[in-house]
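What follows is the content of entry.pdb, which has PDB, C-alpha atoms and all ligand atoms:
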ATOM      1  CA  MET K   1     -18.294  32.563 -18.858  1.00  0.00           C
ATOM      2  CA  LYS K   2     -15.152  34.237 -20.179  1.00  0.00           C
ATOM      3  CA  THR K   3     -13.510  34.017 -16.747  1.00  0.00           C
ATOM      4  CA  THR K   4     -14.389  30.312 -16.580  1.00  0.00           C
ATOM      5  CA  SER K   5     -12.703  29.659 -19.954  1.00  0.00           C
ATOM      6  CA  ILE K   6      -9.515  31.434 -18.887  1.00  0.00           C
ATOM      7  CA  LEU K   7      -9.522  29.562 -15.619  1.00  0.00           C
ATOM      8  CA  SER K   8     -10.022  26.233 -17.455  1.00  0.00           C
ATOM      9  CA  ALA K   9      -7.147  27.027 -19.821  1.00  0.00           C
ATOM     10  CA  LEU K  10      -4.938  27.823 -16.829  1.00  0.00           C
ATOM     11  CA  LEU K  11      -5.868  24.588 -15.083  1.00  0.00           C
ATOM     12  CA  VAL K  12      -5.129  22.531 -18.220  1.00  0.00           C
ATOM     13  CA  GLY K  13      -1.731  24.229 -18.459  1.00  0.00           C
ATOM     14  CA  LEU K  14      -0.959  23.378 -14.850  1.00  0.00           C
ATOM     15  CA  ALA K  15      -2.065  19.768 -15.305  1.00  0.00           C
ATOM     16  CA  SER K  16       0.205  19.158 -18.306  1.00  0.00           C
ATOM     17  CA  ALA K  17       3.144  20.770 -16.496  1.00  0.00           C
ATOM     18  CA  ALA K  18       2.595  18.448 -13.533  1.00  0.00           C
ATOM     19  CA  LEU K  19       2.370  15.441 -15.861  1.00  0.00           C
ATOM     20  CA  ALA K  20       5.639  16.181 -17.719  1.00  0.00           C
ATOM     21  CA  GLY K  21       7.806  13.083 -17.653  1.00  0.00           C
ATOM     22  CA  THR K  22       7.346   9.415 -18.328  1.00  0.00           C
ATOM     23  CA  THR K  23       6.240   6.541 -16.143  1.00  0.00           C
ATOM     24  CA  LEU K  24       9.138   4.125 -15.869  1.00  0.00           C
ATOM     25  CA  THR K  25       8.322   0.506 -16.670  1.00  0.00           C
ATOM     26  CA  THR K  26      10.434  -2.599 -17.040  1.00  0.00           C
ATOM     27  CA  GLU K  27      10.015  -6.280 -17.790  1.00  0.00           C
ATOM     28  CA  ILE K  28       8.895  -8.045 -14.620  1.00  0.00           C
ATOM     29  CA  PRO K  29      10.050 -11.681 -14.403  1.00  0.00           C
ATOM     30  CA  PRO K  30       7.474 -14.434 -13.795  1.00  0.00           C
ATOM     31  CA  GLU K  31       6.697 -15.636 -10.281  1.00  0.00           C
ATOM     32  CA  LEU K  32       8.937 -18.467  -9.084  1.00  0.00           C
ATOM     33  CA  ILE K  33       8.624 -19.259  -5.403  1.00  0.00           C
ATOM     34  CA  GLU K  34      10.435 -22.411  -4.243  1.00  0.00           C
ATOM     35  CA  GLY K  35      10.619 -24.216  -0.896  1.00  0.00           C
ATOM     36  CA  THR K  36       8.763 -23.598   2.358  1.00  0.00           C
ATOM     37  CA  PRO K  37       8.063 -20.022   3.420  1.00  0.00           C
ATOM     38  CA  GLN K  38      10.303 -18.778   6.234  1.00  0.00           C
ATOM     39  CA  ALA K  39       9.709 -16.092   8.829  1.00  0.00           C
ATOM     40  CA  ILE K  40      11.261 -12.697   8.087  1.00  0.00           C
ATOM     41  CA  PRO K  41      12.291 -11.474  11.536  1.00  0.00           C
ATOM     42  CA  VAL K  42      13.092  -7.805  10.946  1.00  0.00           C
ATOM     43  CA  PRO K  43      11.278  -4.787  12.414  1.00  0.00           C
ATOM     44  CA  ASN K  44       9.226  -2.336  10.387  1.00  0.00           C
ATOM     45  CA  LEU K  45       9.120  -4.592   7.316  1.00  0.00           C
ATOM     46  CA  VAL K  46       7.487  -3.265   4.135  1.00  0.00           C
ATOM     47  CA  PRO K  47       5.071  -6.016   3.033  1.00  0.00           C
ATOM     48  CA  ALA K  48       5.473  -7.644  -0.380  1.00  0.00           C
ATOM     49  CA  PRO K  49       3.837  -5.611  -3.162  1.00  0.00           C
ATOM     50  CA  LYS K  50       1.056  -7.106  -5.308  1.00  0.00           C
ATOM     51  CA  LYS K  51       2.116  -5.252  -8.457  1.00  0.00           C
ATOM     52  CA  ALA K  52       5.108  -3.490  -9.957  1.00  0.00           C
ATOM     53  CA  PRO K  53       6.073  -0.138  -8.450  1.00  0.00           C
ATOM     54  CA  THR K  54       5.859   2.979 -10.620  1.00  0.00           C
ATOM     55  CA  LEU K  55       7.904   6.150 -10.781  1.00  0.00           C
ATOM     56  CA  SER K  56       7.682   9.267 -12.924  1.00  0.00           C
ATOM     57  CA  VAL K  57      11.043   9.995 -14.554  1.00  0.00           C
ATOM     58  CA  PRO K  58      12.197  12.791 -16.893  1.00  0.00           C
ATOM     59  CA  ASP K  59      11.414  12.412 -20.610  1.00  0.00           C
ATOM     60  CA  GLY K  60      14.370  10.871 -22.434  1.00  0.00           C
ATOM     61  CA  THR K  61      15.310   8.561 -19.545  1.00  0.00           C
ATOM     62  CA  VAL K  62      16.895   5.333 -20.807  1.00  0.00           C
ATOM     63  CA  LEU K  63      18.451   2.169 -19.377  1.00  0.00           C
ATOM     64  CA  LEU K  64      22.145   2.998 -18.939  1.00  0.00           C
ATOM     65  CA  SER K  65      23.461  -0.103 -17.183  1.00  0.00           C
ATOM     66  CA  LYS K  66      22.817  -2.921 -19.687  1.00  0.00           C
ATOM     67  CA  GLY K  67      26.066  -4.847 -20.260  1.00  0.00           C
ATOM     68  CA  LYS K  68      28.113  -2.364 -18.216  1.00  0.00           C
ATOM     69  CA  PRO K  69      31.075  -3.713 -16.195  1.00  0.00           C
ATOM     70  CA  VAL K  70      30.486  -4.842 -12.605  1.00  0.00           C
ATOM     71  CA  THR K  71      33.109  -5.172  -9.878  1.00  0.00           C
ATOM     72  CA  GLY K  72      32.701  -6.128  -6.230  1.00  0.00           C
ATOM     73  CA  SER K  73      34.209  -6.437  -2.775  1.00  0.00           C
ATOM     74  CA  ASP K  74      34.181 -10.204  -3.397  1.00  0.00           C
ATOM     75  CA  ASP K  75      35.863 -10.740  -6.769  1.00  0.00           C
ATOM     76  CA  PHE K  76      35.260 -14.485  -6.703  1.00  0.00           C
ATOM     77  CA  PRO K  77      31.544 -15.188  -6.375  1.00  0.00           C
ATOM     78  CA  ILE K  78      30.520 -18.463  -4.751  1.00  0.00           C
ATOM     79  CA  ILE K  79      27.857 -18.995  -7.427  1.00  0.00           C
ATOM     80  CA  GLY K  80      27.622 -17.306 -10.814  1.00  0.00           C
ATOM     81  CA  GLU K  81      29.370 -14.205 -12.139  1.00  0.00           C
ATOM     82  CA  LEU K  82      29.144 -10.495 -11.358  1.00  0.00           C
ATOM     83  CA  ASP K  83      28.276  -9.950 -15.038  1.00  0.00           C
ATOM     84  CA  TYR K  84      24.835 -11.455 -14.339  1.00  0.00           C
ATOM     85  CA  ILE K  85      23.942  -8.182 -12.603  1.00  0.00           C
ATOM     86  CA  THR K  86      23.762  -6.212 -15.861  1.00  0.00           C
ATOM     87  CA  ASP K  87      22.996  -8.972 -18.409  1.00  0.00           C
ATOM     88  CA  GLY K  88      19.255  -8.241 -18.631  1.00  0.00           C
ATOM     89  CA  ASP K  89      18.087 -11.631 -17.287  1.00  0.00           C
ATOM     90  CA  LYS K  90      15.852 -11.421 -14.216  1.00  0.00           C
ATOM     91  CA  LEU K  91      14.528 -14.965 -13.849  1.00  0.00           C
ATOM     92  CA  GLY K  92      14.374 -16.335 -10.331  1.00  0.00           C
ATOM     93  CA  GLY K  93      15.871 -19.810 -10.762  1.00  0.00           C
ATOM     94  CA  GLU K  94      19.309 -21.401 -10.653  1.00  0.00           C
ATOM     95  CA  GLY K  95      21.780 -19.895 -13.090  1.00  0.00           C
ATOM     96  CA  TYR K  96      20.407 -16.354 -12.894  1.00  0.00           C
ATOM     97  CA  PHE K  97      21.731 -15.076  -9.565  1.00  0.00           C
ATOM     98  CA  VAL K  98      25.247 -14.379  -8.375  1.00  0.00           C
ATOM     99  CA  GLU K  99      26.057 -15.310  -4.776  1.00  0.00           C
ATOM    100  CA  ILE K 100      28.809 -13.429  -2.983  1.00  0.00           C
ATOM    101  CA  MET K 101      30.245 -14.065   0.450  1.00  0.00           C
ATOM    102  CA  ASP K 102      28.789 -13.138   3.842  1.00  0.00           C
ATOM    103  CA  GLY K 103      29.240  -9.915   5.767  1.00  0.00           C
ATOM    104  CA  PRO K 104      28.705  -6.450   4.358  1.00  0.00           C
ATOM    105  CA  GLN K 105      29.712  -6.753   0.689  1.00  0.00           C
ATOM    106  CA  TRP K 106      29.269  -4.459  -2.266  1.00  0.00           C
ATOM    107  CA  VAL K 107      28.927  -4.646  -6.002  1.00  0.00           C
ATOM    108  CA  GLN K 108      29.564  -1.681  -8.258  1.00  0.00           C
ATOM    109  CA  ILE K 109      28.337  -0.811 -11.742  1.00  0.00           C
ATOM    110  CA  ASP K 110      30.490   1.431 -13.930  1.00  0.00           C
ATOM    111  CA  LEU K 111      28.264   3.436 -16.286  1.00  0.00           C
ATOM    112  CA  GLU K 112      31.511   4.398 -18.109  1.00  0.00           C
ATOM    113  CA  ALA K 113      30.547   8.100 -18.060  1.00  0.00           C
ATOM    114  CA  THR K 114      28.928  10.497 -15.636  1.00  0.00           C
ATOM    115  CA  ALA K 115      25.159  10.314 -15.953  1.00  0.00           C
ATOM    116  CA  GLU K 116      22.099  12.013 -14.520  1.00  0.00           C
ATOM    117  CA  ILE K 117      20.459   9.073 -12.777  1.00  0.00           C
ATOM    118  CA  ALA K 118      16.659   8.943 -12.524  1.00  0.00           C
ATOM    119  CA  ALA K 119      16.066   5.523 -11.005  1.00  0.00           C
ATOM    120  CA  ILE K 120      17.726   2.322  -9.843  1.00  0.00           C
ATOM    121  CA  TRP K 121      15.748  -0.942  -9.929  1.00  0.00           C
ATOM    122  CA  VAL K 122      17.185  -3.833  -7.899  1.00  0.00           C
ATOM    123  CA  TRP K 123      16.464  -7.575  -7.805  1.00  0.00           C
ATOM    124  CA  HIS K 124      18.492  -9.427  -5.174  1.00  0.00           C
ATOM    125  CA  PHE K 125      16.647 -12.744  -5.242  1.00  0.00           C
ATOM    126  CA  HIS K 126      13.001 -13.592  -5.769  1.00  0.00           C
ATOM    127  CA  SER K 127      12.424 -17.344  -5.611  1.00  0.00           C
ATOM    128  CA  GLN K 128      11.880 -17.077  -1.837  1.00  0.00           C
ATOM    129  CA  ALA K 129      10.303 -14.304   0.245  1.00  0.00           C
ATOM    130  CA  ARG K 130      13.186 -12.882   2.290  1.00  0.00           C
ATOM    131  CA  ALA K 131      14.656  -9.536   3.282  1.00  0.00           C
ATOM    132  CA  TYR K 132      18.275  -8.487   2.744  1.00  0.00           C
ATOM    133  CA  HIS K 133      20.018  -6.695   5.585  1.00  0.00           C
ATOM    134  CA  ASP K 134      21.690  -3.301   5.336  1.00  0.00           C
ATOM    135  CA  VAL K 135      20.738  -2.511   1.760  1.00  0.00           C
ATOM    136  CA  VAL K 136      22.599   0.690   0.861  1.00  0.00           C
ATOM    137  CA  VAL K 137      22.691   2.210  -2.637  1.00  0.00           C
ATOM    138  CA  GLN K 138      25.136   5.010  -3.423  1.00  0.00           C
ATOM    139  CA  VAL K 139      26.341   7.027  -6.413  1.00  0.00           C
ATOM    140  CA  SER K 140      29.727   8.683  -6.947  1.00  0.00           C
ATOM    141  CA  ASP K 141      32.120   9.859  -9.621  1.00  0.00           C
ATOM    142  CA  ASP K 142      34.899   8.395  -7.462  1.00  0.00           C
ATOM    143  CA  GLU K 143      35.491   4.724  -8.259  1.00  0.00           C
ATOM    144  CA  SER K 144      36.717   4.107  -4.681  1.00  0.00           C
ATOM    145  CA  PHE K 145      33.693   5.818  -3.082  1.00  0.00           C
ATOM    146  CA  VAL K 146      35.747   8.140  -0.906  1.00  0.00           C
ATOM    147  CA  ASP K 147      34.785  11.509  -2.412  1.00  0.00           C
ATOM    148  CA  GLY K 148      31.427  12.902  -3.465  1.00  0.00           C
ATOM    149  CA  VAL K 149      29.384   9.917  -2.294  1.00  0.00           C
ATOM    150  CA  LYS K 150      25.603  10.395  -2.464  1.00  0.00           C
ATOM    151  CA  THR K 151      23.454   7.862  -0.639  1.00  0.00           C
ATOM    152  CA  LEU K 152      20.134   7.233  -2.399  1.00  0.00           C
ATOM    153  CA  TYR K 153      18.825   4.438  -0.220  1.00  0.00           C
ATOM    154  CA  ASN K 154      19.793   2.983   3.171  1.00  0.00           C
ATOM    155  CA  ASN K 155      17.725   0.538   5.224  1.00  0.00           C
ATOM    156  CA  ASP K 156      20.474  -0.237   7.763  1.00  0.00           C
ATOM    157  CA  TYR K 157      18.276   0.959  10.619  1.00  0.00           C
ATOM    158  CA  ASP K 158      20.824   0.081  13.344  1.00  0.00           C
ATOM    159  CA  ASN K 159      24.038   1.063  11.506  1.00  0.00           C
ATOM    160  CA  SER K 160      25.381  -2.481  11.813  1.00  0.00           C
ATOM    161  CA  ALA K 161      27.189  -2.077   8.459  1.00  0.00           C
ATOM    162  CA  GLY K 162      28.881   1.065   9.788  1.00  0.00           C
ATOM    163  CA  MET K 163      27.928   3.304   6.848  1.00  0.00           C
ATOM    164  CA  GLY K 164      25.485   5.400   8.838  1.00  0.00           C
ATOM    165  CA  LYS K 165      21.968   4.757  10.037  1.00  0.00           C
ATOM    166  CA  GLY K 166      19.386   4.695   7.243  1.00  0.00           C
ATOM    167  CA  ASN K 167      15.752   5.725   7.288  1.00  0.00           C
ATOM    168  CA  ASP K 168      14.493   3.362   4.588  1.00  0.00           C
ATOM    169  CA  ARG K 169      12.550   0.312   5.721  1.00  0.00           C
ATOM    170  CA  PRO K 170      13.542  -3.322   5.184  1.00  0.00           C
ATOM    171  CA  TYR K 171      11.429  -4.924   2.441  1.00  0.00           C
ATOM    172  CA  VAL K 172      10.480  -8.369   1.157  1.00  0.00           C
ATOM    173  CA  GLU K 173      12.223  -9.422  -2.063  1.00  0.00           C
ATOM    174  CA  THR K 174       9.799 -10.147  -4.885  1.00  0.00           C
ATOM    175  CA  ARG K 175       9.851 -10.417  -8.665  1.00  0.00           C
ATOM    176  CA  PHE K 176       8.782  -6.747  -8.737  1.00  0.00           C
ATOM    177  CA  GLY K 177      12.176  -5.649  -7.390  1.00  0.00           C
ATOM    178  CA  LEU K 178      13.055  -2.517  -5.411  1.00  0.00           C
ATOM    179  CA  LEU K 179      12.576   0.727  -7.355  1.00  0.00           C
ATOM    180  CA  ILE K 180      14.618   3.649  -5.992  1.00  0.00           C
ATOM    181  CA  ASP K 181      13.992   7.265  -6.990  1.00  0.00           C
ATOM    182  CA  ALA K 182      17.478   8.612  -7.807  1.00  0.00           C
ATOM    183  CA  LYS K 183      16.191  12.181  -8.262  1.00  0.00           C
ATOM    184  CA  LYS K 184      18.588  13.133 -11.086  1.00  0.00           C
ATOM    185  CA  THR K 185      21.661  12.408  -8.960  1.00  0.00           C
ATOM    186  CA  LYS K 186      24.831  12.701 -11.021  1.00  0.00           C
ATOM    187  CA  GLY K 187      27.556  10.085 -11.015  1.00  0.00           C
ATOM    188  CA  ARG K 188      29.404   7.437 -12.995  1.00  0.00           C
ATOM    189  CA  TYR K 189      29.436   4.594 -10.476  1.00  0.00           C
ATOM    190  CA  VAL K 190      26.584   2.922  -8.589  1.00  0.00           C
ATOM    191  CA  ARG K 191      27.541   0.893  -5.510  1.00  0.00           C
ATOM    192  CA  LEU K 192      25.109  -1.474  -3.774  1.00  0.00           C
ATOM    193  CA  THR K 193      25.841  -2.924  -0.344  1.00  0.00           C
ATOM    194  CA  SER K 194      24.088  -5.656   1.613  1.00  0.00           C
ATOM    195  CA  ALA K 195      24.910  -7.926   4.547  1.00  0.00           C
ATOM    196  CA  GLY K 196      23.171 -11.254   4.133  1.00  0.00           C
ATOM    197  CA  ASN K 197      19.471 -11.916   4.373  1.00  0.00           C
ATOM    198  CA  THR K 198      16.827 -13.437   6.612  1.00  0.00           C
ATOM    199  CA  ALA K 199      17.255 -16.901   5.024  1.00  0.00           C
ATOM    200  CA  ASN K 200      21.089 -17.126   5.059  1.00  0.00           C
ATOM    201  CA  ASP K 201      24.236 -15.022   5.508  1.00  0.00           C
ATOM    202  CA  MET K 202      25.058 -14.685   1.803  1.00  0.00           C
ATOM    203  CA  ASN K 203      24.494 -11.803  -0.592  1.00  0.00           C
ATOM    204  CA  HIS K 204      22.757 -12.199  -3.944  1.00  0.00           C
ATOM    205  CA  TYR K 205      21.918 -10.234  -7.061  1.00  0.00           C
ATOM    206  CA  ILE K 206      19.899 -11.169 -10.127  1.00  0.00           C
ATOM    207  CA  GLU K 207      19.820  -7.805 -11.863  1.00  0.00           C
ATOM    208  CA  VAL K 208      20.310  -4.103 -11.262  1.00  0.00           C
ATOM    209  CA  GLU K 209      18.973  -1.543 -13.733  1.00  0.00           C
ATOM    210  CA  VAL K 210      20.218   2.037 -13.697  1.00  0.00           C
ATOM    211  CA  TYR K 211      18.049   4.513 -15.607  1.00  0.00           C
ATOM    212  CA  GLY K 212      18.877   8.086 -16.541  1.00  0.00           C
ATOM    213  CA  LYS K 213      20.504  10.276 -19.135  1.00  0.00           C
ATOM    214  CA  ALA K 214      24.113   9.849 -20.222  1.00  0.00           C
ATOM    215  CA  GLY K 215      26.493  12.780 -19.950  1.00  0.00           C
ATOM    216  CA  GLY K 216      24.697  14.331 -16.962  1.00  0.00           C
TER     217      GLY K 216
HETATM  218 CA    CA K 301      20.776 -10.783 -14.572  1.00  0.00          CA
HETATM  219 CA    CA K 302      21.548  -3.400  10.161  1.00  0.00          CA
END
What's the structure tokens form of this structure?
Ligand SMILES: [Ca+2]
Ligand SMILES: [Ca+2]
Amino acid sequence: MKTTSILSALLVGLASAALAGTTLTTEIPPELIEGTPQAIPVPNLVPAPKKAPTLSVPDGTVLLSKGKPVTGSDDFPIIGELDYITDGDKLGGEGYFVEIMDGPQWVQIDLEATAEIAAIWVWHFHSQARAYHDVVVQVSDDESFVDGVKTLYNNDYDNSAGMGKGNDRPYVETRFGLLIDAKKTKGRYVRLTSAGNTANDMNHYIEVEVYGKAGG
């Protein structure tokens, strides 16, 4: 009896230790699918999720990227503005996405201070089921991404973007976005690369959210 109580107390202690942290949630935009569905001809595709992804993050994790400055390899977007990426709007329709030119292109968020990053949540485009090619997400304290670059996500399975072969799988864009576990990686800048998509050669972003703790 006594042994059982001690054992129970131990198990409760272990359970609360394992549960330390918070489940990250965000506002998911409403469904808005337009046009006729198109085939998504990429290998090893992760099917579209039916609900929002979840991730346990450290207590005290906050949204760091809201309103932060965004730069890019294409300074003159074809549609919209780079600022859309951190403005908090995630709707799928016209006026909410920025379109940048074809080829491998990047956008970069400046958190304005080194942070301990817990998660990065990405919406490229969600009014049509499609997959973006060569999605690579990196963190660095170096604005030019030469030194100290940490790659958190890379689904360029054939290294066509020339940044190294990635082991992540291509996925279907949906309103639920792509949630990346950043595992407390430290850095000031977040750079996201892509190289067109299965519907056209252009690159798009609706919103990117970077979560973590400032001053990491
Ligand atoms: Ca936005
Ligand atoms: Ca590729």
Enclosing box along x, y and z for every listed atom of range 75-80 of chain K, padded 6 Å each side, centre and size in Å, one decimal, as AutoDock Vina command-line options:
--center_x 31.7 --center_y -14.9 --center_z -7.8 --size_x 20.2 --size_y 20.3 --size_z 18.1
* **Distance criterion (all atoms listed in the file): nearest to ligand CA 302 (chain K) out of K:Thr198, K:Asn159, K:Thr185, K:Ser65** =>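 The closest residue to ligand CA 302 (chain K) is K:Asn159.
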* To do: Please identify every polymer residue within 6 Å of ligand CA 301 (chain K), using all atoms listed in the file, and present the set as a VMD selection string.
  => chain K and resid 84 to 90 96 206 to 207
At a cut-off of 10 Å and counting all atoms listed in the file, what residues surround ligand CA 302 (chain K)? Please answer as an mmCIF file with C-alpha atoms, keeping the file's coordinate frame.
data_model
loop_
_atom_site.group_PDB
_atom_site.id
_atom_site.type_symbol
_atom_site.label_atom_id
_atom_site.label_comp_id
_atom_site.auth_asym_id
_atom_site.auth_seq_id
_atom_site.Cartn_x
_atom_site.Cartn_y
_atom_site.Cartn_z
ATOM 1 C CA VAL K 42 13.092 -7.805 10.946
ATOM 2 C CA PRO K 104 28.705 -6.450 4.358
ATOM 3 C CA TYR K 132 18.275 -8.487 2.744
ATOM 4 C CA HIS K 133 20.018 -6.695 5.585
ATOM 5 C CA ASP K 134 21.690 -3.301 5.336
ATOM 6 C CA VAL K 135 20.738 -2.511 1.760
ATOM 7 C CA ASN K 154 19.793 2.983 3.171
ATOM 8 C CA ASN K 155 17.725 0.538 5.224
ATOM 9 C CA ASP K 156 20.474 -0.237 7.763
ATOM 10 C CA TYR K 157 18.276 0.959 10.619
ATOM 11 C CA ASP K 158 20.824 0.081 13.344
ATOM 12 C CA ASN K 159 24.038 1.063 11.506
ATOM 13 C CA SER K 160 25.381 -2.481 11.813
ATOM 14 C CA ALA K 161 27.189 -2.077 8.459
ATOM 15 C CA GLY K 162 28.881 1.065 9.788
ATOM 16 C CA MET K 163 27.928 3.304 6.848
ATOM 17 C CA GLY K 164 25.485 5.400 8.838
ATOM 18 C CA LYS K 165 21.968 4.757 10.037
ATOM 19 C CA GLY K 166 19.386 4.695 7.243
ATOM 20 C CA PRO K 170 13.542 -3.322 5.184
ATOM 21 C CA SER K 194 24.088 -5.656 1.613
ATOM 22 C CA ALA K 195 24.910 -7.926 4.547
#
* So what do you get for CA of Lys51 in chain K versus CA of Lys213 in chain K, distance-wise? -> 26.3 Å
Keeping just C-alpha atoms, export range 137-171 of chain K of this structure as a compact mmCIF listing (two decimals), in the first residue's frame.
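And here's out-v4.txt as it stands now:
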# COMPACT_ATOMS: atom_id res chain seq x y z
CA VAL K 137 13.75 27.59 -43.75
CA GLN K 138 16.92 28.81 -42.04
CA VAL K 139 17.95 30.89 -39.03
CA SER K 140 21.10 32.97 -38.55
CA ASP K 141 22.50 35.94 -36.67
CA ASP K 142 24.20 36.91 -39.94
CA GLU K 143 21.94 39.08 -42.09
CA SER K 144 23.66 37.80 -45.26
CA PHE K 145 23.31 34.12 -44.26
CA VAL K 146 26.98 33.31 -44.74
CA ASP K 147 27.97 32.49 -41.15
CA GLY K 148 26.23 30.42 -38.50
CA VAL K 149 23.35 29.29 -40.71
CA LYS K 150 21.06 26.67 -39.14
CA THR K 151 18.64 24.89 -41.45
CA LEU K 152 15.37 23.99 -39.72
CA TYR K 153 13.47 22.64 -42.69
CA ASN K 154 14.41 21.58 -46.23
CA ASN K 155 12.18 19.67 -48.66
CA ASP K 156 14.45 20.15 -51.70
CA TYR K 157 14.78 16.39 -52.13
CA ASP K 158 16.91 16.65 -55.31
CA ASN K 159 19.04 19.69 -54.37
CA SER K 160 17.76 21.61 -57.39
CA ALA K 161 18.02 24.88 -55.42
CA GLY K 162 21.67 24.10 -54.66
CA MET K 163 21.41 24.60 -50.89
CA GLY K 164 21.85 20.94 -50.06
CA LYS K 165 19.50 17.99 -50.25
CA GLY K 166 16.72 18.07 -47.66
CA ASN K 167 14.96 15.23 -45.91
CA ASP K 168 11.61 16.93 -45.34
CA ARG K 169 8.74 15.91 -47.60
CA PRO K 170 6.86 18.17 -50.02
CA TYR K 171 3.42 19.07 -48.65
